[in-house]
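Here is model-v9.cif, consisting of mmCIF, C-alpha atoms:
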data_start
loop_
_atom_site.group_PDB
_atom_site.id
_atom_site.type_symbol
_atom_site.label_atom_id
_atom_site.label_comp_id
_atom_site.auth_asym_id
_atom_site.auth_seq_id
_atom_site.Cartn_x
_atom_site.Cartn_y
_atom_site.Cartn_z
ATOM 1 C CA MET A 1 123.795 79.864 112.394
ATOM 2 C CA SER A 2 121.296 80.947 109.777
ATOM 3 C CA MET A 3 118.500 83.372 110.567
ATOM 4 C CA GLU A 4 114.860 82.401 110.369
ATOM 5 C CA LEU A 5 112.123 84.563 108.929
ATOM 6 C CA SER A 6 109.798 83.953 111.867
ATOM 7 C CA THR A 7 112.259 85.756 114.178
ATOM 8 C CA LEU A 8 111.760 88.959 112.174
ATOM 9 C CA ILE A 9 108.054 89.271 113.028
ATOM 10 C CA PRO A 10 107.690 92.356 115.257
ATOM 11 C CA ASN A 11 104.453 91.373 116.929
ATOM 12 C CA THR A 12 103.730 87.642 117.257
ATOM 13 C CA ASN A 13 100.126 88.302 118.318
ATOM 14 C CA ASP A 14 99.402 90.009 115.017
ATOM 15 C CA THR A 15 98.036 87.312 112.688
ATOM 16 C CA ASN A 16 98.582 89.459 109.599
ATOM 17 C CA TRP A 17 102.288 88.536 109.536
ATOM 18 C CA VAL A 18 102.749 85.320 107.567
ATOM 19 C CA VAL A 19 105.815 83.355 106.502
ATOM 20 C CA LYS A 20 105.353 81.778 103.084
ATOM 21 C CA GLY A 21 108.249 80.104 101.345
ATOM 22 C CA GLU A 22 111.198 82.468 101.112
ATOM 23 C CA TYR A 23 109.260 85.589 102.016
ATOM 24 C CA LEU A 24 107.841 87.216 105.086
ATOM 25 C CA MET A 25 104.463 88.614 104.078
ATOM 26 C CA TYR A 26 101.898 91.006 105.460
ATOM 27 C CA VAL A 27 98.224 90.472 104.749
ATOM 28 C CA LYS A 28 96.412 93.537 103.479
ATOM 29 C CA TYR A 29 93.643 92.186 101.235
ATOM 30 C CA SER A 30 96.306 90.006 99.623
ATOM 31 C CA ASN A 31 99.656 88.654 100.797
ATOM 32 C CA ILE A 32 102.171 91.437 100.216
ATOM 33 C CA PRO A 33 105.853 90.362 100.357
ATOM 34 C CA CYS A 34 107.696 92.240 103.068
ATOM 35 C CA ALA A 35 111.148 90.761 103.568
ATOM 36 C CA TYR A 36 113.534 87.976 102.676
ATOM 37 C CA ILE A 37 116.934 86.787 103.857
ATOM 38 C CA ASP A 38 119.950 86.508 101.600
ATOM 39 C CA ASP A 39 123.319 85.446 103.126
ATOM 40 C CA ASP A 40 122.203 86.406 106.659
ATOM 41 C CA VAL A 41 121.303 89.892 105.483
ATOM 42 C CA VAL A 42 117.660 90.954 105.610
ATOM 43 C CA PHE A 43 116.206 92.714 102.564
ATOM 44 C CA ILE A 44 112.982 94.622 103.087
ATOM 45 C CA PHE A 45 110.666 95.523 100.212
ATOM 46 C CA LEU A 46 109.921 99.191 100.801
ATOM 47 C CA ASP A 47 106.335 98.983 99.615
ATOM 48 C CA PHE A 48 104.143 102.082 99.903
ATOM 49 C CA LYS A 49 101.075 99.888 100.375
ATOM 50 C CA ILE A 50 102.112 98.913 103.900
ATOM 51 C CA VAL A 51 104.077 101.781 105.401
ATOM 52 C CA LYS A 52 103.144 101.283 109.055
ATOM 53 C CA PRO A 53 103.903 97.530 109.267
ATOM 54 C CA ILE A 54 107.253 98.169 107.566
ATOM 55 C CA SER A 55 108.149 100.907 110.051
ATOM 56 C CA LYS A 56 107.325 98.471 112.882
ATOM 57 C CA LEU A 57 109.542 95.851 111.245
ATOM 58 C CA ILE A 58 112.419 98.345 110.924
ATOM 59 C CA LYS A 59 112.059 99.369 114.546
ATOM 60 C CA HIS A 60 112.162 95.702 115.568
ATOM 61 C CA LEU A 61 115.280 95.020 113.461
ATOM 62 C CA THR A 62 117.142 98.084 114.737
ATOM 63 C CA ASN A 63 116.410 97.062 118.332
ATOM 64 C CA LYS A 64 117.820 93.608 117.605
ATOM 65 C CA ASN A 65 120.890 95.032 115.766
ATOM 66 C CA ILE A 66 120.208 93.013 112.622
ATOM 67 C CA GLU A 67 121.792 94.203 109.372
ATOM 68 C CA PHE A 68 119.186 95.052 106.767
ATOM 69 C CA TYR A 69 118.837 96.859 103.449
ATOM 70 C CA PHE A 70 115.913 97.830 101.300
ATOM 71 C CA ASP A 71 114.751 96.497 98.002
ATOM 72 C CA SER A 72 112.357 97.675 95.341
ATOM 73 C CA PRO A 73 108.916 95.942 95.460
ATOM 74 C CA GLU A 74 109.355 95.358 91.741
ATOM 75 C CA PHE A 75 111.699 92.497 92.589
ATOM 76 C CA SER A 76 109.177 90.779 94.848
ATOM 77 C CA ASN A 77 107.728 89.336 91.666
ATOM 78 C CA PRO A 78 109.853 86.310 90.673
ATOM 79 C CA ALA A 79 109.199 87.047 86.998
ATOM 80 C CA SER A 80 110.736 90.533 87.277
ATOM 81 C CA ASN A 81 113.776 91.509 85.265
ATOM 82 C CA ALA A 82 116.910 91.901 87.395
ATOM 83 C CA ILE A 83 118.764 94.028 84.797
ATOM 84 C CA ASP A 84 120.057 97.329 86.182
ATOM 85 C CA TYR A 85 119.298 96.182 89.723
ATOM 86 C CA ASN A 86 121.365 98.756 91.628
ATOM 87 C CA ASN A 87 120.006 101.660 89.604
ATOM 88 C CA LYS A 88 116.402 100.623 90.225
ATOM 89 C CA VAL A 89 116.940 100.060 93.939
ATOM 90 C CA LEU A 90 118.697 103.414 94.427
ATOM 91 C CA THR A 91 115.962 105.340 92.608
ATOM 92 C CA HIS A 92 113.405 103.571 94.778
ATOM 93 C CA TYR A 93 115.389 104.574 97.899
ATOM 94 C CA LEU A 94 115.258 108.205 96.802
ATOM 95 C CA PHE A 95 111.611 108.115 95.761
ATOM 96 C CA SER A 96 110.653 106.561 99.079
ATOM 97 C CA HIS A 97 112.562 109.333 100.867
ATOM 98 C CA ALA A 98 110.369 111.758 98.923
ATOM 99 C CA ASN A 99 107.174 109.898 99.839
ATOM 100 C CA LYS A 100 105.389 111.889 102.543
ATOM 101 C CA ASN A 101 104.030 108.867 104.465
ATOM 102 C CA ILE A 102 107.425 107.194 104.666
ATOM 103 C CA PHE A 103 109.162 110.492 105.442
ATOM 104 C CA LYS A 104 106.771 111.036 108.368
ATOM 105 C CA GLU A 105 106.936 107.462 109.675
ATOM 106 C CA PHE A 106 110.753 107.284 109.564
ATOM 107 C CA LYS A 107 110.970 110.624 111.309
ATOM 108 C CA GLU A 108 108.826 109.235 114.114
ATOM 109 C CA ILE A 109 110.972 106.144 114.633
ATOM 110 C CA GLU A 110 114.175 108.193 114.047
ATOM 111 C CA PHE A 111 115.475 106.012 111.258
ATOM 112 C CA ASP A 112 117.995 107.402 108.766
ATOM 113 C CA LEU A 113 117.147 106.092 105.302
ATOM 114 C CA ILE A 114 120.022 107.960 103.614
ATOM 115 C CA LYS A 115 122.577 106.342 105.905
ATOM 116 C CA ASN A 116 121.154 102.944 104.975
ATOM 117 C CA MET A 117 121.320 103.851 101.290
ATOM 118 C CA VAL A 118 124.996 104.824 101.553
ATOM 119 C CA SER A 119 125.803 101.539 103.315
ATOM 120 C CA PHE A 120 123.940 99.714 100.514
ATOM 121 C CA CYS A 121 126.183 101.527 98.012
ATOM 122 C CA ASP A 122 129.268 100.536 100.011
ATOM 123 C CA LYS A 123 128.179 96.915 99.952
ATOM 124 C CA ASN A 124 127.443 96.779 96.217
ATOM 125 C CA ASN A 125 130.151 99.274 95.071
ATOM 126 C CA CYS A 126 127.702 101.491 93.224
ATOM 127 C CA HIS A 127 128.600 105.034 94.325
ATOM 128 C CA GLU A 128 129.061 106.041 90.682
ATOM 129 C CA ILE A 129 125.376 105.459 89.896
ATOM 130 C CA LEU A 130 124.153 107.400 92.917
ATOM 131 C CA LYS A 131 124.711 110.916 91.528
ATOM 132 C CA PRO A 132 122.766 110.423 88.249
ATOM 133 C CA CYS A 133 119.966 108.695 90.182
ATOM 134 C CA TYR A 134 119.809 111.589 92.638
ATOM 135 C CA GLU A 135 119.681 114.187 89.872
ATOM 136 C CA LYS A 136 116.922 112.304 88.084
ATOM 137 C CA VAL A 137 114.765 112.095 91.216
ATOM 138 C CA LYS A 138 115.594 115.652 92.309
ATOM 139 C CA LYS A 139 114.290 116.998 89.018
ATOM 140 C CA ILE A 140 110.944 115.290 89.626
ATOM 141 C CA VAL A 141 110.689 116.273 93.299
ATOM 142 C CA LEU A 142 111.528 119.941 92.765
ATOM 143 C CA ASN A 143 109.190 120.239 89.797
ATOM 144 C CA LYS A 144 106.745 123.164 89.870
ATOM 145 C CA THR A 145 103.559 123.666 87.899
ATOM 146 C CA HIS A 146 101.795 126.944 87.337
ATOM 147 C CA ASP A 147 98.024 126.967 87.764
ATOM 148 C CA TYR A 148 96.776 129.650 85.358
ATOM 149 C CA TYR A 149 93.228 129.670 86.758
ATOM 150 C CA GLN A 150 94.275 130.498 90.309
ATOM 151 C CA ASN A 151 97.580 132.184 89.338
ATOM 152 C CA LYS A 152 99.445 129.984 91.782
ATOM 153 C CA ILE A 153 102.538 127.809 91.750
ATOM 154 C CA ILE A 154 101.714 124.242 92.765
ATOM 155 C CA ASN A 155 104.301 121.776 94.063
ATOM 156 C CA ASP A 156 103.824 118.032 93.786
ATOM 157 C CA PHE A 157 105.738 117.351 97.006
ATOM 158 C CA PRO A 158 105.491 119.059 100.426
ATOM 159 C CA ASP A 159 107.862 121.925 101.261
ATOM 160 C CA GLU A 160 109.613 119.957 104.014
ATOM 161 C CA ILE A 161 110.677 117.242 101.565
ATOM 162 C CA ARG A 162 111.630 119.755 98.867
ATOM 163 C CA GLU A 163 113.917 121.621 101.274
ATOM 164 C CA ASP A 164 115.445 118.338 102.372
ATOM 165 C CA PHE A 165 116.075 117.263 98.789
ATOM 166 C CA GLU A 166 117.968 120.409 97.806
ATOM 167 C CA ASN A 167 120.838 119.588 100.151
ATOM 168 C CA LEU A 168 120.488 115.826 100.158
ATOM 169 C CA TYR A 169 123.629 115.087 98.194
ATOM 170 C CA ARG A 170 125.697 116.900 100.821
ATOM 171 C CA ASP A 171 124.194 114.595 103.484
ATOM 172 C CA ILE A 172 125.018 111.597 101.300
ATOM 173 C CA GLN A 173 128.659 112.666 101.037
ATOM 174 C CA ILE A 174 128.893 113.313 104.797
ATOM 175 C CA ASN A 175 127.475 109.847 105.485
ATOM 176 C CA ARG A 176 129.977 108.369 103.050
ATOM 177 C CA ILE A 177 132.926 110.004 104.824
ATOM 178 C CA ILE A 178 131.694 108.906 108.276
ATOM 179 C CA MET B 1 76.629 87.225 115.480
ATOM 180 C CA ARG B 2 77.305 90.209 113.263
ATOM 181 C CA THR B 3 80.087 91.683 115.338
ATOM 182 C CA ARG B 4 82.763 94.176 114.372
ATOM 183 C CA ASP B 5 85.027 91.356 113.154
ATOM 184 C CA TRP B 6 82.264 89.993 110.937
ATOM 185 C CA ARG B 7 81.627 93.438 109.452
ATOM 186 C CA ARG B 8 85.356 93.909 108.865
ATOM 187 C CA TYR B 9 85.570 90.527 107.166
ATOM 188 C CA ILE B 10 82.567 91.263 104.946
ATOM 189 C CA GLU B 11 83.994 94.696 104.030
ATOM 190 C CA LYS B 12 87.233 92.970 103.031
ATOM 191 C CA CYS B 13 85.300 90.491 100.859
ATOM 192 C CA VAL B 14 83.331 93.309 99.233
ATOM 193 C CA VAL B 15 86.472 95.349 98.465
ATOM 194 C CA ILE B 16 88.220 92.311 96.958
ATOM 195 C CA ARG B 17 85.171 91.505 94.851
ATOM 196 C CA ARG B 18 84.985 95.068 93.562
ATOM 197 C CA LEU B 19 88.718 95.104 92.827
ATOM 198 C CA LYS B 20 88.408 91.884 90.853
ATOM 199 C CA ILE B 21 85.882 93.573 88.578
ATOM 200 C CA THR B 22 88.387 96.339 87.791
ATOM 201 C CA GLN B 23 91.010 93.719 87.061
ATOM 202 C CA SER B 24 89.059 92.539 84.030
ATOM 203 C CA HIS B 25 89.417 95.983 82.395
ATOM 204 C CA GLY B 26 93.177 95.758 82.572
ATOM 205 C CA TRP B 27 94.116 96.524 79.002
ATOM 206 C CA TYR B 28 95.545 99.961 79.824
ATOM 207 C CA TYR B 29 98.771 100.853 81.633
ATOM 208 C CA PHE B 30 98.124 101.291 85.303
ATOM 209 C CA THR B 31 100.458 103.194 87.650
ATOM 210 C CA ASP B 32 100.390 101.561 91.056
ATOM 211 C CA ILE B 33 101.181 103.266 94.380
ATOM 212 C CA ASN B 34 104.904 102.505 94.023
ATOM 213 C CA GLY B 35 105.028 104.397 90.713
ATOM 214 C CA ARG B 36 105.389 101.320 88.517
ATOM 215 C CA ASP B 37 103.595 101.143 85.187
ATOM 216 C CA ILE B 38 101.877 97.777 84.894
ATOM 217 C CA SER B 39 100.473 96.676 81.563
ATOM 218 C CA SER B 40 97.919 94.162 82.775
ATOM 219 C CA PRO B 41 97.208 94.789 86.460
ATOM 220 C CA ILE B 42 95.744 92.152 88.705
ATOM 221 C CA TRP B 43 93.489 93.069 91.605
ATOM 222 C CA SER B 44 96.265 93.077 94.226
ATOM 223 C CA ASP B 45 98.051 95.856 92.289
ATOM 224 C CA PHE B 46 95.177 98.207 93.159
ATOM 225 C CA VAL B 47 95.774 97.874 96.909
ATOM 226 C CA GLY B 48 96.777 101.198 98.438
ATOM 227 C CA THR B 49 95.539 103.295 95.536
ATOM 228 C CA CYS B 50 92.602 105.691 95.559
ATOM 229 C CA VAL B 51 90.596 103.079 93.636
ATOM 230 C CA GLN B 52 90.804 100.685 96.564
ATOM 231 C CA HIS B 53 89.979 103.481 98.980
ATOM 232 C CA MET B 54 86.919 104.390 96.903
ATOM 233 C CA PHE B 55 85.715 100.787 96.970
ATOM 234 C CA LYS B 56 86.037 100.694 100.731
ATOM 235 C CA THR B 57 82.724 102.479 101.197
ATOM 236 C CA TYR B 58 80.422 99.756 102.351
ATOM 237 C CA THR B 59 77.141 101.295 101.253
ATOM 238 C CA THR B 60 76.049 102.172 97.743
ATOM 239 C CA LYS B 61 74.163 105.197 96.482
ATOM 240 C CA ILE B 62 72.361 105.759 93.232
ATOM 241 C CA ASN B 63 75.374 107.421 91.581
ATOM 242 C CA ASP B 64 77.826 104.617 92.152
ATOM 243 C CA SER B 65 75.410 101.706 92.149
ATOM 244 C CA LYS B 66 76.193 100.808 88.565
ATOM 245 C CA TYR B 67 79.847 100.294 89.468
ATOM 246 C CA LYS B 68 79.277 98.390 92.681
ATOM 247 C CA ILE B 69 77.618 95.191 93.738
ATOM 248 C CA LYS B 70 75.407 95.240 96.760
ATOM 249 C CA TYR B 71 76.033 92.595 99.365
ATOM 250 C CA SER B 72 72.963 91.175 101.021
ATOM 251 C CA PRO B 73 73.002 88.486 103.711
ATOM 252 C CA ASN B 74 69.322 87.689 103.034
ATOM 253 C CA HIS B 75 69.941 86.887 99.384
ATOM 254 C CA THR B 76 71.857 83.875 98.234
ATOM 255 C CA ARG B 77 73.634 85.922 95.601
ATOM 256 C CA SER B 78 74.944 89.463 95.696
ATOM 257 C CA TYR B 79 72.981 91.698 93.369
ATOM 258 C CA TRP B 80 73.147 95.009 91.579
ATOM 259 C CA ARG B 81 71.574 97.700 93.708
ATOM 260 C CA ASP B 82 69.981 99.603 90.866
ATOM 261 C CA GLY B 83 69.432 97.170 88.051
ATOM 262 C CA GLY B 84 66.737 99.180 86.316
ATOM 263 C CA ARG B 85 64.235 98.177 88.939
ATOM 264 C CA LYS B 86 61.296 100.259 89.997
ATOM 265 C CA GLY B 87 60.569 100.818 93.637
ATOM 266 C CA ASN B 88 64.091 101.528 94.775
ATOM 267 C CA ARG B 89 64.440 103.409 98.005
ATOM 268 C CA GLU B 90 66.279 106.248 96.288
ATOM 269 C CA LYS B 91 63.823 106.488 93.403
ATOM 270 C CA ASP B 92 60.854 106.404 95.763
ATOM 271 C CA LYS B 93 62.378 109.247 97.733
ATOM 272 C CA VAL B 94 62.694 111.423 94.621
ATOM 273 C CA ILE B 95 59.086 110.677 93.591
ATOM 274 C CA PHE B 96 57.855 111.439 97.090
ATOM 275 C CA LYS B 97 59.681 114.768 97.249
ATOM 276 C CA ARG B 98 58.433 115.812 93.819
ATOM 277 C CA MET B 99 54.916 114.935 94.915
ATOM 278 C CA LEU B 100 55.312 117.091 97.991
ATOM 279 C CA GLU B 101 56.583 119.984 95.898
ATOM 280 C CA TYR B 102 54.054 119.955 93.035
ATOM 281 C CA GLU B 103 50.889 118.667 94.722
ATOM 282 C CA TYR B 104 51.205 120.048 98.222
ATOM 283 C CA GLY B 105 53.514 123.015 97.622
ATOM 284 C CA ILE B 106 56.101 121.958 100.197
ATOM 285 C CA LYS B 107 59.528 122.771 98.852
ATOM 286 C CA HIS B 108 62.667 120.940 99.728
ATOM 287 C CA PHE B 109 66.134 122.326 99.065
ATOM 288 C CA ASN B 110 67.356 119.195 97.297
ATOM 289 C CA THR B 111 64.972 117.179 95.160
ATOM 290 C CA LYS B 112 67.519 115.333 93.067
ATOM 291 C CA TYR B 113 69.531 112.456 94.494
#

Could you express the structure from this file as structure tokens?
Amino acid sequence: MSMELSTLIPNTNDTNWVVKGEYLMYVKYSNIPCAYIDDDVVFIFLDFKIVKPISKLIKHLTNKNIEFYFDSPEFSNPASNAIDYNNKVLTHYLFSHANKNIFKEFKEIEFDLIKNMVSFCDKNNCHEILKPCYEKVKKIVLNKTHDYYQNKIINDFPDEIREDFENLYRDIQINRII
Amino acid sequence: MRTRDWRRYIEKCVVIRRLKITQSHGWYYFTDINGRDISSPIWSDFVGTCVQHMFKTYTTKINDSKYKIKYSPNHTRSYWRDGGRKGNREKDKVIFKRMLEYEYGIKHFNTKY
């Protein structure tokens, strides 16, 4: 039995959730694509525009025990180029882990994004790409800039995320073994 | 009735209208909130960015009036708040405070708006 998109809506009273064509959308000024179903697996566009509705959707899906993975919002556009798909999705996974709003929201709902990323790698057989992607993102996250006027070192990302990112690859490997 | 829902709806309309003006200047590369570089952004690409947040202010002041359009329910069309007109509220205020300072000697800490 195939799944319907309308069953994924976390709150039926909320009129901002709309099903249009193949996508489940959330209205914030415009219709922003949120999720779609491919072979009974739900793919959620991890868009930074709508962090709170997405966290509600994830909470709803985890309560229902529905299998889901994340996708880059780049691919919500039908005209987008699907070359190097796995690489783009994995970098988006890591960048969204570094995003402070998503980091905070997922901590509140106790959702493990890294575990989901490893299961995505298992599904698509792309563990080889994960290490170069991680190193590329790590370099950006741990970047420091020196402010000469104040004589201070400024970090682009909060300390909590930076500390988490230093040992993230170890967590990835542990999740892979489990 | 101009309830909270009506005000919210009008604010939404105003933000979208302001975003559509920025869309027309889309010849440069724009980095959206997801970190993507977009060559010709449309107005929905600005959602979530600081630009959209800036446009969310409902009222206009003299500094930002040239970038924003004032909504007025009493006018049929929306209009520019400060279109080189005399007799603006802000301009009148400046003239009044200068008058107080130079003619009557009453000083105010901030004469420029």

Practice task
Pick out the chain A residues within 7 Å of chain B. Count all atoms listed in the file. Give them as a PyMOL selection string.
Solution key: chain A and resi 29-30+47-49

### Message
Could you list, as a list of chain:residue names, every residue within 12 Å of Lys115 of chain A, counting all atoms listed in the file and ignoring same-chain residues fewer than 6 positions away?
### Response
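Listing them by chain and then by number gives A:Phe68, A:Tyr69, A:Phe70, A:Tyr93, A:Leu94, A:His97, A:Cys121, A:Asp122, A:Leu168, A:Tyr169, A:Asp171, A:Ile172, A:Gln173, A:Ile174, A:Asn175, A:Arg176, A:Ile177, A:Ile178.
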
Shortest contact to His127 of chain A, candidates A:Trp17, A:Ala79, A:Ile161, A:Asn87, atoms counted only C-alpha atoms, goes to A:Asn87

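Counting only C-alpha atoms and comparing A:Thr7, A:Gln150, A:Asn16, A:Ser55, the residue that lies closest to Asn101 of chain A is A:Ser55.
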
**Asked** Interatomic distance between atom CA of Leu61 of chain A and atom CA of Asn13 of chain A?
**Response**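 Between these atoms lies a distance of 17.3 Å.
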
- Task: Could you please determine the separation between atom CA of Glu74 of chain A and atom CA of Pro33 of chain A in Å, to one decimal place?
- Result: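 Between atom CA of Glu74 of chain A and atom CA of Pro33 of chain A the gap is 10.6 Å.
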
- What is the atom CA of Tyr28 of chain B to atom CA of Gln52 of chain B distance in Å?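 Those two atoms sit 17.4 Å apart.
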
For Val18 of chain A, list every protein, DNA or RNA residue within 9 Å, evaluated using only C-alpha atoms, and leave out those in the same chain fewer than 5 positions away; present the list as number ranges by chain. A: 6, 9, 23-27, 31

*Please write the residues picked by the PyMOL selection byres ((chain A and resi 131-141) around 10) on this file as a ChimeraX atom specification.*
/A:87-95,98-99,127-130,142-144,155-158,161-162,165-166,168-169,172

Reference answer for the PyMOL selection byres ((chain A and resi 67) around 9), as a tab-separated table (two decimals) with C-alpha atoms, in the coordinates of the input:
chain	number	residue	atom	x	y	z
A	40	ASP	CA	122.20	86.41	106.66
A	41	VAL	CA	121.30	89.89	105.48
A	42	VAL	CA	117.66	90.95	105.61
A	43	PHE	CA	116.21	92.71	102.56
A	61	LEU	CA	115.28	95.02	113.46
A	62	THR	CA	117.14	98.08	114.74
A	65	ASN	CA	120.89	95.03	115.77
A	66	ILE	CA	120.21	93.01	112.62
A	68	PHE	CA	119.19	95.05	106.77
A	69	TYR	CA	118.84	96.86	103.45
